[in-house]
Structures are given as C-alpha cells and as structure tokens.
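Here is entry-v2.cif, consisting of mmCIF, all heavy atoms:
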data_start
loop_
_atom_site.group_PDB
_atom_site.id
_atom_site.type_symbol
_atom_site.label_atom_id
_atom_site.label_comp_id
_atom_site.auth_asym_id
_atom_site.auth_seq_id
_atom_site.Cartn_x
_atom_site.Cartn_y
_atom_site.Cartn_z
ATOM 1 N N MET E 1 3.662 6.342 -12.059
ATOM 2 C CA MET E 1 2.508 6.733 -11.306
ATOM 3 C C MET E 1 2.881 6.688 -9.823
ATOM 4 O O MET E 1 3.509 5.752 -9.361
ATOM 5 C CB MET E 1 1.355 5.760 -11.589
ATOM 6 C CG MET E 1 0.225 5.897 -10.629
ATOM 7 S SD MET E 1 -1.199 4.778 -10.789
ATOM 8 C CE MET E 1 -0.725 3.466 -11.804
ATOM 9 N N LYS E 2 2.481 7.708 -9.088
ATOM 10 C CA LYS E 2 2.689 7.738 -7.645
ATOM 11 C C LYS E 2 1.325 7.781 -6.980
ATOM 12 O O LYS E 2 0.475 8.581 -7.350
ATOM 13 C CB LYS E 2 3.500 8.952 -7.233
ATOM 14 C CG LYS E 2 4.913 8.921 -7.763
ATOM 15 C CD LYS E 2 5.667 10.156 -7.361
ATOM 16 C CE LYS E 2 7.042 10.137 -8.002
ATOM 17 N NZ LYS E 2 7.805 11.338 -7.705
ATOM 18 N N VAL E 3 1.123 6.899 -6.005
ATOM 19 C CA VAL E 3 -0.137 6.822 -5.286
ATOM 20 C C VAL E 3 0.161 6.845 -3.797
ATOM 21 O O VAL E 3 1.076 6.163 -3.340
ATOM 22 C CB VAL E 3 -0.902 5.526 -5.637
ATOM 23 C CG1 VAL E 3 -2.186 5.427 -4.852
ATOM 24 C CG2 VAL E 3 -1.183 5.453 -7.126
ATOM 25 N N ALA E 4 -0.609 7.619 -3.044
ATOM 26 C CA ALA E 4 -0.457 7.669 -1.587
ATOM 27 C C ALA E 4 -1.813 7.446 -0.941
ATOM 28 O O ALA E 4 -2.823 7.954 -1.427
ATOM 29 C CB ALA E 4 0.113 9.016 -1.159
ATOM 30 N N PHE E 5 -1.833 6.680 0.131
ATOM 31 C CA PHE E 5 -3.043 6.464 0.904
ATOM 32 C C PHE E 5 -2.867 7.202 2.231
ATOM 33 O O PHE E 5 -1.929 6.926 2.969
ATOM 34 C CB PHE E 5 -3.270 4.967 1.156
ATOM 35 C CG PHE E 5 -3.595 4.207 -0.093
ATOM 36 C CD1 PHE E 5 -2.599 3.615 -0.838
ATOM 37 C CD2 PHE E 5 -4.897 4.089 -0.521
ATOM 38 C CE1 PHE E 5 -2.896 2.921 -1.996
ATOM 39 C CE2 PHE E 5 -5.205 3.393 -1.674
ATOM 40 C CZ PHE E 5 -4.201 2.812 -2.411
ATOM 41 N N VAL E 6 -3.751 8.144 2.509
ATOM 42 C CA VAL E 6 -3.667 8.935 3.735
ATOM 43 C C VAL E 6 -5.024 8.959 4.430
ATOM 44 O O VAL E 6 -6.061 8.764 3.791
ATOM 45 C CB VAL E 6 -3.207 10.387 3.451
ATOM 46 C CG1 VAL E 6 -1.812 10.417 2.894
ATOM 47 C CG2 VAL E 6 -4.160 11.077 2.508
ATOM 48 N N GLY E 7 -4.996 9.188 5.701
ATOM 49 C CA GLY E 7 -6.227 9.285 6.472
ATOM 50 C C GLY E 7 -5.947 9.154 7.944
ATOM 51 O O GLY E 7 -4.812 8.948 8.371
ATOM 52 N N LYS E 8 -6.998 9.256 8.719
ATOM 53 C CA LYS E 8 -6.889 9.168 10.170
ATOM 54 C C LYS E 8 -6.543 7.732 10.574
ATOM 55 O O LYS E 8 -6.853 6.789 9.859
ATOM 56 C CB LYS E 8 -8.208 9.591 10.803
ATOM 57 C CG LYS E 8 -8.140 9.808 12.266
ATOM 58 C CD LYS E 8 -9.423 10.410 12.788
ATOM 59 C CE LYS E 8 -9.298 10.572 14.288
ATOM 60 N NZ LYS E 8 -10.465 11.190 14.857
ATOM 61 N N GLY E 9 -5.921 7.563 11.721
ATOM 62 C CA GLY E 9 -5.516 6.244 12.202
ATOM 63 C C GLY E 9 -6.652 5.237 12.231
ATOM 64 O O GLY E 9 -7.799 5.578 12.510
ATOM 65 N N GLY E 10 -6.342 4.000 11.900
ATOM 66 C CA GLY E 10 -7.335 2.930 11.939
ATOM 67 C C GLY E 10 -8.302 2.933 10.779
ATOM 68 O O GLY E 10 -9.343 2.279 10.839
ATOM 69 N N SER E 11 -7.989 3.640 9.709
ATOM 70 C CA SER E 11 -8.929 3.733 8.593
ATOM 71 C C SER E 11 -8.705 2.674 7.516
ATOM 72 O O SER E 11 -9.366 2.697 6.483
ATOM 73 C CB SER E 11 -8.858 5.129 7.970
ATOM 74 O OG SER E 11 -7.561 5.378 7.453
ATOM 75 N N GLY E 12 -7.746 1.767 7.701
ATOM 76 C CA GLY E 12 -7.513 0.690 6.740
ATOM 77 C C GLY E 12 -6.547 1.025 5.621
ATOM 78 O O GLY E 12 -6.552 0.375 4.579
ATOM 79 N N LYS E 13 -5.698 2.026 5.833
ATOM 80 C CA LYS E 13 -4.754 2.433 4.792
ATOM 81 C C LYS E 13 -3.790 1.316 4.421
ATOM 82 O O LYS E 13 -3.531 1.078 3.245
ATOM 83 C CB LYS E 13 -3.968 3.668 5.242
ATOM 84 C CG LYS E 13 -4.809 4.899 5.467
ATOM 85 C CD LYS E 13 -3.980 6.061 5.969
ATOM 86 C CE LYS E 13 -3.322 5.792 7.288
ATOM 87 N NZ LYS E 13 -4.206 5.699 8.445
ATOM 88 N N THR E 14 -3.257 0.625 5.413
ATOM 89 C CA THR E 14 -2.299 -0.447 5.140
ATOM 90 C C THR E 14 -2.968 -1.585 4.390
ATOM 91 O O THR E 14 -2.406 -2.116 3.428
ATOM 92 C CB THR E 14 -1.675 -0.961 6.446
ATOM 93 O OG1 THR E 14 -1.019 0.124 7.095
ATOM 94 C CG2 THR E 14 -0.663 -2.058 6.180
ATOM 95 N N THR E 15 -4.166 -1.955 4.787
ATOM 96 C CA THR E 15 -4.887 -3.034 4.111
ATOM 97 C C THR E 15 -5.182 -2.658 2.673
ATOM 98 O O THR E 15 -4.931 -3.442 1.743
ATOM 99 C CB THR E 15 -6.204 -3.347 4.853
ATOM 100 O OG1 THR E 15 -5.907 -3.694 6.198
ATOM 101 C CG2 THR E 15 -6.951 -4.476 4.171
ATOM 102 N N LEU E 16 -5.697 -1.474 2.457
ATOM 103 C CA LEU E 16 -6.033 -1.024 1.108
ATOM 104 C C LEU E 16 -4.789 -0.919 0.236
ATOM 105 O O LEU E 16 -4.789 -1.375 -0.911
ATOM 106 C CB LEU E 16 -6.734 0.324 1.173
ATOM 107 C CG LEU E 16 -7.212 0.889 -0.157
ATOM 108 C CD1 LEU E 16 -8.217 -0.049 -0.814
ATOM 109 C CD2 LEU E 16 -7.824 2.253 0.046
ATOM 110 N N SER E 17 -3.716 -0.354 0.785
ATOM 111 C CA SER E 17 -2.501 -0.200 -0.012
ATOM 112 C C SER E 17 -1.867 -1.549 -0.342
ATOM 113 O O SER E 17 -1.367 -1.746 -1.451
ATOM 114 C CB SER E 17 -1.494 0.711 0.685
ATOM 115 O OG SER E 17 -1.139 0.190 1.942
ATOM 116 N N SER E 18 -1.897 -2.500 0.593
ATOM 117 C CA SER E 18 -1.313 -3.813 0.300
ATOM 118 C C SER E 18 -2.122 -4.552 -0.761
ATOM 119 O O SER E 18 -1.550 -5.219 -1.629
ATOM 120 C CB SER E 18 -1.187 -4.652 1.565
ATOM 121 O OG SER E 18 -2.462 -4.930 2.110
ATOM 122 N N LEU E 19 -3.432 -4.431 -0.723
ATOM 123 C CA LEU E 19 -4.267 -5.051 -1.762
ATOM 124 C C LEU E 19 -4.009 -4.408 -3.119
ATOM 125 O O LEU E 19 -3.946 -5.101 -4.143
ATOM 126 C CB LEU E 19 -5.746 -4.938 -1.399
ATOM 127 C CG LEU E 19 -6.200 -5.785 -0.219
ATOM 128 C CD1 LEU E 19 -7.623 -5.411 0.176
ATOM 129 C CD2 LEU E 19 -6.100 -7.258 -0.550
ATOM 130 N N PHE E 20 -3.847 -3.099 -3.142
ATOM 131 C CA PHE E 20 -3.574 -2.383 -4.386
ATOM 132 C C PHE E 20 -2.220 -2.785 -4.967
ATOM 133 O O PHE E 20 -2.085 -3.023 -6.166
ATOM 134 C CB PHE E 20 -3.636 -0.879 -4.130
ATOM 135 C CG PHE E 20 -3.552 -0.043 -5.365
ATOM 136 C CD1 PHE E 20 -4.503 -0.145 -6.362
ATOM 137 C CD2 PHE E 20 -2.521 0.859 -5.528
ATOM 138 C CE1 PHE E 20 -4.428 0.633 -7.515
ATOM 139 C CE2 PHE E 20 -2.425 1.640 -6.662
ATOM 140 C CZ PHE E 20 -3.380 1.531 -7.663
ATOM 141 N N VAL E 21 -1.208 -2.899 -4.096
ATOM 142 C CA VAL E 21 0.127 -3.310 -4.538
ATOM 143 C C VAL E 21 0.086 -4.731 -5.113
ATOM 144 O O VAL E 21 0.677 -5.006 -6.150
ATOM 145 C CB VAL E 21 1.130 -3.210 -3.365
ATOM 146 C CG1 VAL E 21 2.407 -3.963 -3.666
ATOM 147 C CG2 VAL E 21 1.428 -1.763 -3.050
ATOM 148 N N ARG E 22 -0.622 -5.624 -4.435
ATOM 149 C CA ARG E 22 -0.735 -7.005 -4.935
ATOM 150 C C ARG E 22 -1.452 -7.057 -6.280
ATOM 151 O O ARG E 22 -1.093 -7.839 -7.157
ATOM 152 C CB ARG E 22 -1.443 -7.880 -3.925
ATOM 153 C CG ARG E 22 -0.586 -8.163 -2.702
ATOM 154 C CD ARG E 22 -1.269 -9.094 -1.776
ATOM 155 N NE ARG E 22 -1.525 -10.344 -2.472
ATOM 156 C CZ ARG E 22 -1.405 -11.534 -1.945
ATOM 157 N NH1 ARG E 22 -1.029 -11.652 -0.703
ATOM 158 N NH2 ARG E 22 -1.655 -12.608 -2.642
ATOM 159 N N TYR E 23 -2.462 -6.220 -6.450
ATOM 160 C CA TYR E 23 -3.184 -6.145 -7.722
ATOM 161 C C TYR E 23 -2.247 -5.692 -8.846
ATOM 162 O O TYR E 23 -2.197 -6.315 -9.905
ATOM 163 C CB TYR E 23 -4.374 -5.196 -7.590
ATOM 164 C CG TYR E 23 -5.030 -4.867 -8.899
ATOM 165 C CD1 TYR E 23 -5.870 -5.792 -9.522
ATOM 166 C CD2 TYR E 23 -4.813 -3.655 -9.522
ATOM 167 C CE1 TYR E 23 -6.469 -5.504 -10.729
ATOM 168 C CE2 TYR E 23 -5.408 -3.358 -10.726
ATOM 169 C CZ TYR E 23 -6.237 -4.273 -11.335
ATOM 170 O OH TYR E 23 -6.820 -3.989 -12.540
ATOM 171 N N LEU E 24 -1.512 -4.612 -8.606
ATOM 172 C CA LEU E 24 -0.599 -4.104 -9.633
ATOM 173 C C LEU E 24 0.494 -5.113 -9.952
ATOM 174 O O LEU E 24 0.820 -5.350 -11.116
ATOM 175 C CB LEU E 24 0.021 -2.783 -9.180
ATOM 176 C CG LEU E 24 -0.932 -1.604 -9.039
ATOM 177 C CD1 LEU E 24 -0.186 -0.397 -8.488
ATOM 178 C CD2 LEU E 24 -1.596 -1.269 -10.351
ATOM 179 N N ALA E 25 1.081 -5.710 -8.917
ATOM 180 C CA ALA E 25 2.137 -6.696 -9.132
ATOM 181 C C ALA E 25 1.602 -7.917 -9.862
ATOM 182 O O ALA E 25 2.285 -8.499 -10.712
ATOM 183 C CB ALA E 25 2.746 -7.100 -7.795
ATOM 184 N N GLY E 26 0.376 -8.302 -9.557
ATOM 185 C CA GLY E 26 -0.242 -9.438 -10.239
ATOM 186 C C GLY E 26 -0.467 -9.195 -11.717
ATOM 187 O O GLY E 26 -0.524 -10.134 -12.509
ATOM 188 N N ARG E 27 -0.589 -7.939 -12.099
ATOM 189 C CA ARG E 27 -0.739 -7.586 -13.514
ATOM 190 C C ARG E 27 0.614 -7.419 -14.198
ATOM 191 O O ARG E 27 0.686 -7.038 -15.358
ATOM 192 C CB ARG E 27 -1.547 -6.310 -13.644
ATOM 193 C CG ARG E 27 -2.962 -6.508 -13.093
ATOM 194 C CD ARG E 27 -3.884 -5.461 -13.511
ATOM 195 N NE ARG E 27 -3.923 -5.449 -14.971
ATOM 196 C CZ ARG E 27 -4.861 -4.873 -15.672
ATOM 197 N NH1 ARG E 27 -5.837 -4.278 -15.069
ATOM 198 N NH2 ARG E 27 -4.825 -4.871 -16.994
ATOM 199 N N GLY E 28 1.699 -7.670 -13.457
ATOM 200 C CA GLY E 28 3.037 -7.610 -14.035
ATOM 201 C C GLY E 28 3.653 -6.220 -14.041
ATOM 202 O O GLY E 28 4.660 -6.007 -14.715
ATOM 203 N N LEU E 29 3.069 -5.289 -13.319
ATOM 204 C CA LEU E 29 3.610 -3.931 -13.280
ATOM 205 C C LEU E 29 4.681 -3.821 -12.200
ATOM 206 O O LEU E 29 4.587 -4.470 -11.158
ATOM 207 C CB LEU E 29 2.481 -2.938 -12.993
ATOM 208 C CG LEU E 29 1.384 -2.897 -14.050
ATOM 209 C CD1 LEU E 29 0.195 -2.093 -13.555
ATOM 210 C CD2 LEU E 29 1.930 -2.292 -15.331
ATOM 211 N N PRO E 30 5.700 -3.004 -12.421
ATOM 212 C CA PRO E 30 6.721 -2.815 -11.394
ATOM 213 C C PRO E 30 6.144 -2.005 -10.231
ATOM 214 O O PRO E 30 5.454 -1.007 -10.437
ATOM 215 C CB PRO E 30 7.828 -2.043 -12.111
ATOM 216 C CG PRO E 30 7.132 -1.348 -13.225
ATOM 217 C CD PRO E 30 5.982 -2.230 -13.626
ATOM 218 N N VAL E 31 6.422 -2.438 -9.015
ATOM 219 C CA VAL E 31 5.846 -1.794 -7.828
ATOM 220 C C VAL E 31 6.923 -1.600 -6.768
ATOM 221 O O VAL E 31 7.722 -2.493 -6.524
ATOM 222 C CB VAL E 31 4.706 -2.662 -7.234
ATOM 223 C CG1 VAL E 31 4.151 -2.020 -5.980
ATOM 224 C CG2 VAL E 31 3.612 -2.899 -8.245
ATOM 225 N N VAL E 32 6.925 -0.430 -6.156
ATOM 226 C CA VAL E 32 7.734 -0.163 -4.979
ATOM 227 C C VAL E 32 6.775 0.358 -3.919
ATOM 228 O O VAL E 32 6.102 1.360 -4.127
ATOM 229 C CB VAL E 32 8.842 0.885 -5.247
ATOM 230 C CG1 VAL E 32 9.573 1.233 -3.963
ATOM 231 C CG2 VAL E 32 9.802 0.382 -6.296
ATOM 232 N N ALA E 33 6.693 -0.322 -2.782
ATOM 233 C CA ALA E 33 5.800 0.086 -1.701
ATOM 234 C C ALA E 33 6.634 0.557 -0.516
ATOM 235 O O ALA E 33 7.550 -0.131 -0.088
ATOM 236 C CB ALA E 33 4.905 -1.073 -1.286
ATOM 237 N N VAL E 34 6.307 1.720 0.006
ATOM 238 C CA VAL E 34 7.020 2.297 1.139
ATOM 239 C C VAL E 34 6.016 2.507 2.265
ATOM 240 O O VAL E 34 5.007 3.180 2.078
ATOM 241 C CB VAL E 34 7.680 3.640 0.767
ATOM 242 C CG1 VAL E 34 8.344 4.270 1.968
ATOM 243 C CG2 VAL E 34 8.659 3.446 -0.371
ATOM 244 N N ASP E 35 6.303 1.950 3.432
ATOM 245 C CA ASP E 35 5.454 2.130 4.597
ATOM 246 C C ASP E 35 6.128 3.142 5.514
ATOM 247 O O ASP E 35 7.123 2.832 6.155
ATOM 248 C CB ASP E 35 5.250 0.797 5.317
ATOM 249 C CG ASP E 35 4.192 0.865 6.388
ATOM 250 O OD1 ASP E 35 3.749 1.983 6.724
ATOM 251 O OD2 ASP E 35 3.799 -0.191 6.890
ATOM 252 N N ALA E 36 5.589 4.357 5.573
ATOM 253 C CA ALA E 36 6.179 5.414 6.381
ATOM 254 C C ALA E 36 5.596 5.455 7.792
ATOM 255 O O ALA E 36 5.960 6.319 8.578
ATOM 256 C CB ALA E 36 5.989 6.763 5.693
ATOM 257 N N ASP E 37 4.718 4.517 8.111
ATOM 258 C CA ASP E 37 4.125 4.464 9.443
ATOM 259 C C ASP E 37 5.149 3.929 10.438
ATOM 260 O O ASP E 37 5.954 3.065 10.107
ATOM 261 C CB ASP E 37 2.909 3.538 9.414
ATOM 262 C CG ASP E 37 2.077 3.585 10.676
ATOM 263 O OD1 ASP E 37 2.540 4.139 11.684
ATOM 264 O OD2 ASP E 37 0.958 3.057 10.647
ATOM 265 N N ILE E 38 5.116 4.420 11.647
ATOM 266 C CA ILE E 38 6.050 3.980 12.682
ATOM 267 C C ILE E 38 5.859 2.491 12.973
ATOM 268 O O ILE E 38 6.815 1.761 13.225
ATOM 269 C CB ILE E 38 5.863 4.812 13.970
ATOM 270 C CG1 ILE E 38 6.284 6.236 13.701
ATOM 271 C CG2 ILE E 38 6.633 4.228 15.128
ATOM 272 C CD1 ILE E 38 5.963 7.202 14.828
ATOM 273 N N ASN E 39 4.617 2.005 12.915
ATOM 274 C CA ASN E 39 4.328 0.590 13.210
ATOM 275 C C ASN E 39 4.706 -0.349 12.074
ATOM 276 O O ASN E 39 4.917 -1.521 12.296
ATOM 277 C CB ASN E 39 2.849 0.427 13.552
ATOM 278 C CG ASN E 39 2.480 1.159 14.809
ATOM 279 O OD1 ASN E 39 3.247 1.187 15.760
ATOM 280 N ND2 ASN E 39 1.310 1.757 14.822
ATOM 281 N N GLN E 40 4.762 0.111 10.858
ATOM 282 C CA GLN E 40 5.209 -0.617 9.661
ATOM 283 C C GLN E 40 4.682 -2.046 9.583
ATOM 284 O O GLN E 40 5.396 -3.020 9.786
ATOM 285 C CB GLN E 40 6.728 -0.626 9.597
ATOM 286 C CG GLN E 40 7.308 0.758 9.409
ATOM 287 C CD GLN E 40 8.804 0.732 9.255
ATOM 288 O OE1 GLN E 40 9.439 -0.293 9.384
ATOM 289 N NE2 GLN E 40 9.378 1.870 8.975
ATOM 290 N N HIS E 41 3.429 -2.183 9.220
ATOM 291 C CA HIS E 41 2.816 -3.494 9.056
ATOM 292 C C HIS E 41 2.701 -3.925 7.598
ATOM 293 O O HIS E 41 2.210 -5.003 7.313
ATOM 294 C CB HIS E 41 1.414 -3.503 9.684
ATOM 295 C CG HIS E 41 1.450 -3.285 11.155
ATOM 296 N ND1 HIS E 41 1.928 -4.221 12.040
ATOM 297 C CD2 HIS E 41 1.061 -2.230 11.906
ATOM 298 C CE1 HIS E 41 1.833 -3.759 13.258
ATOM 299 N NE2 HIS E 41 1.313 -2.558 13.211
ATOM 300 N N LEU E 42 3.121 -3.084 6.662
ATOM 301 C CA LEU E 42 2.959 -3.396 5.242
ATOM 302 C C LEU E 42 3.769 -4.625 4.830
ATOM 303 O O LEU E 42 3.313 -5.422 4.034
ATOM 304 C CB LEU E 42 3.356 -2.208 4.381
ATOM 305 C CG LEU E 42 3.144 -2.344 2.882
ATOM 306 C CD1 LEU E 42 1.665 -2.606 2.575
ATOM 307 C CD2 LEU E 42 3.607 -1.109 2.162
ATOM 308 N N GLY E 43 4.929 -4.834 5.376
ATOM 309 C CA GLY E 43 5.784 -5.954 4.995
ATOM 310 C C GLY E 43 5.386 -7.280 5.584
ATOM 311 O O GLY E 43 5.945 -8.313 5.245
ATOM 312 N N CYS E 44 4.419 -7.319 6.479
ATOM 313 C CA CYS E 44 4.022 -8.561 7.160
ATOM 314 C C CYS E 44 3.143 -9.415 6.294
ATOM 315 O O CYS E 44 2.362 -9.015 5.551
ATOM 316 C CB CYS E 44 3.305 -8.248 8.456
ATOM 317 S SG CYS E 44 4.362 -7.410 9.634
#
Final structure tokens representation of the file:
Amino acid sequence: MKVAFVGKGGSGKTTLSSLFVRYLAGRGLPVVAVDADINQHLGC
C-alpha cells in the first residue's frame, strides 16, 4: 500500500503522517516513511 499526504503548507501533513506511521507500526505492519519536505521534521 502506498499513501501520500499532500496539501498547502501548515496543514498538519507531518503530524498526520507520523501518527499514521506509528499506528501501522504499532499493529506490526512494515512501514517505510519518506519525508520529501525541505524542512524534514518527520524524523524528529
């Protein structure tokens, strides 16, 4: 499954995507998260 979160700046994409990744990983599913934003806050 491939999922992308897109939208205008400041819309909470990083927050929503990190919560979604944590949910999937918590269920034991394999997850790869890529932050293509220049600011790259997903890994923090």
Using DSSP on the backbone, list every residue of chain E that comes out as alpha helix (DSSP H), and give them as a PyMOL selection string. chain E and resi 13-26
Find the residues with any atom within 3.5 Å of (3.1, -1.7, -3.6); use all heavy atoms and the coordinates as given in the file, and write the answer as a VMD selection string. chain E and resid 21 31 33
By how many Å are atom CB of Lys2 of chain E and atom CG of Arg22 of chain E apart? 18.2 Å
Enter the distance from atom N of Phe5 of chain E to atom CA of Ser17 of chain E, in Å, rounded to one decimal. 6.9 Å
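Selection by the PyMOL selection byres ((chain E and resi 1) around 6) on the present file picks out Lys2, Val3, Phe20, Leu24 and Leu29 of chain E.
One finds atom O of Thr15 of chain E at 19.2 Å from atom O of Gly28 of chain E.
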Resolved residues for the PyMOL selection byres (((chain E and resi 36 and name CA) around 12) and name CA) as a ChimeraX atom specification: /E:4-6,13-14,33-35,37-43
As lines of an AutoDock Vina configuration file: centre and edge lengths in Å, one decimal, of the axis-aligned box holding segment 26-40 of chain E with 6 Å per side:
center_x = 2.0
center_y = -1.5
center_z = -0.6
size_x = 27.6
size_y = 29.3
size_z = 44.8
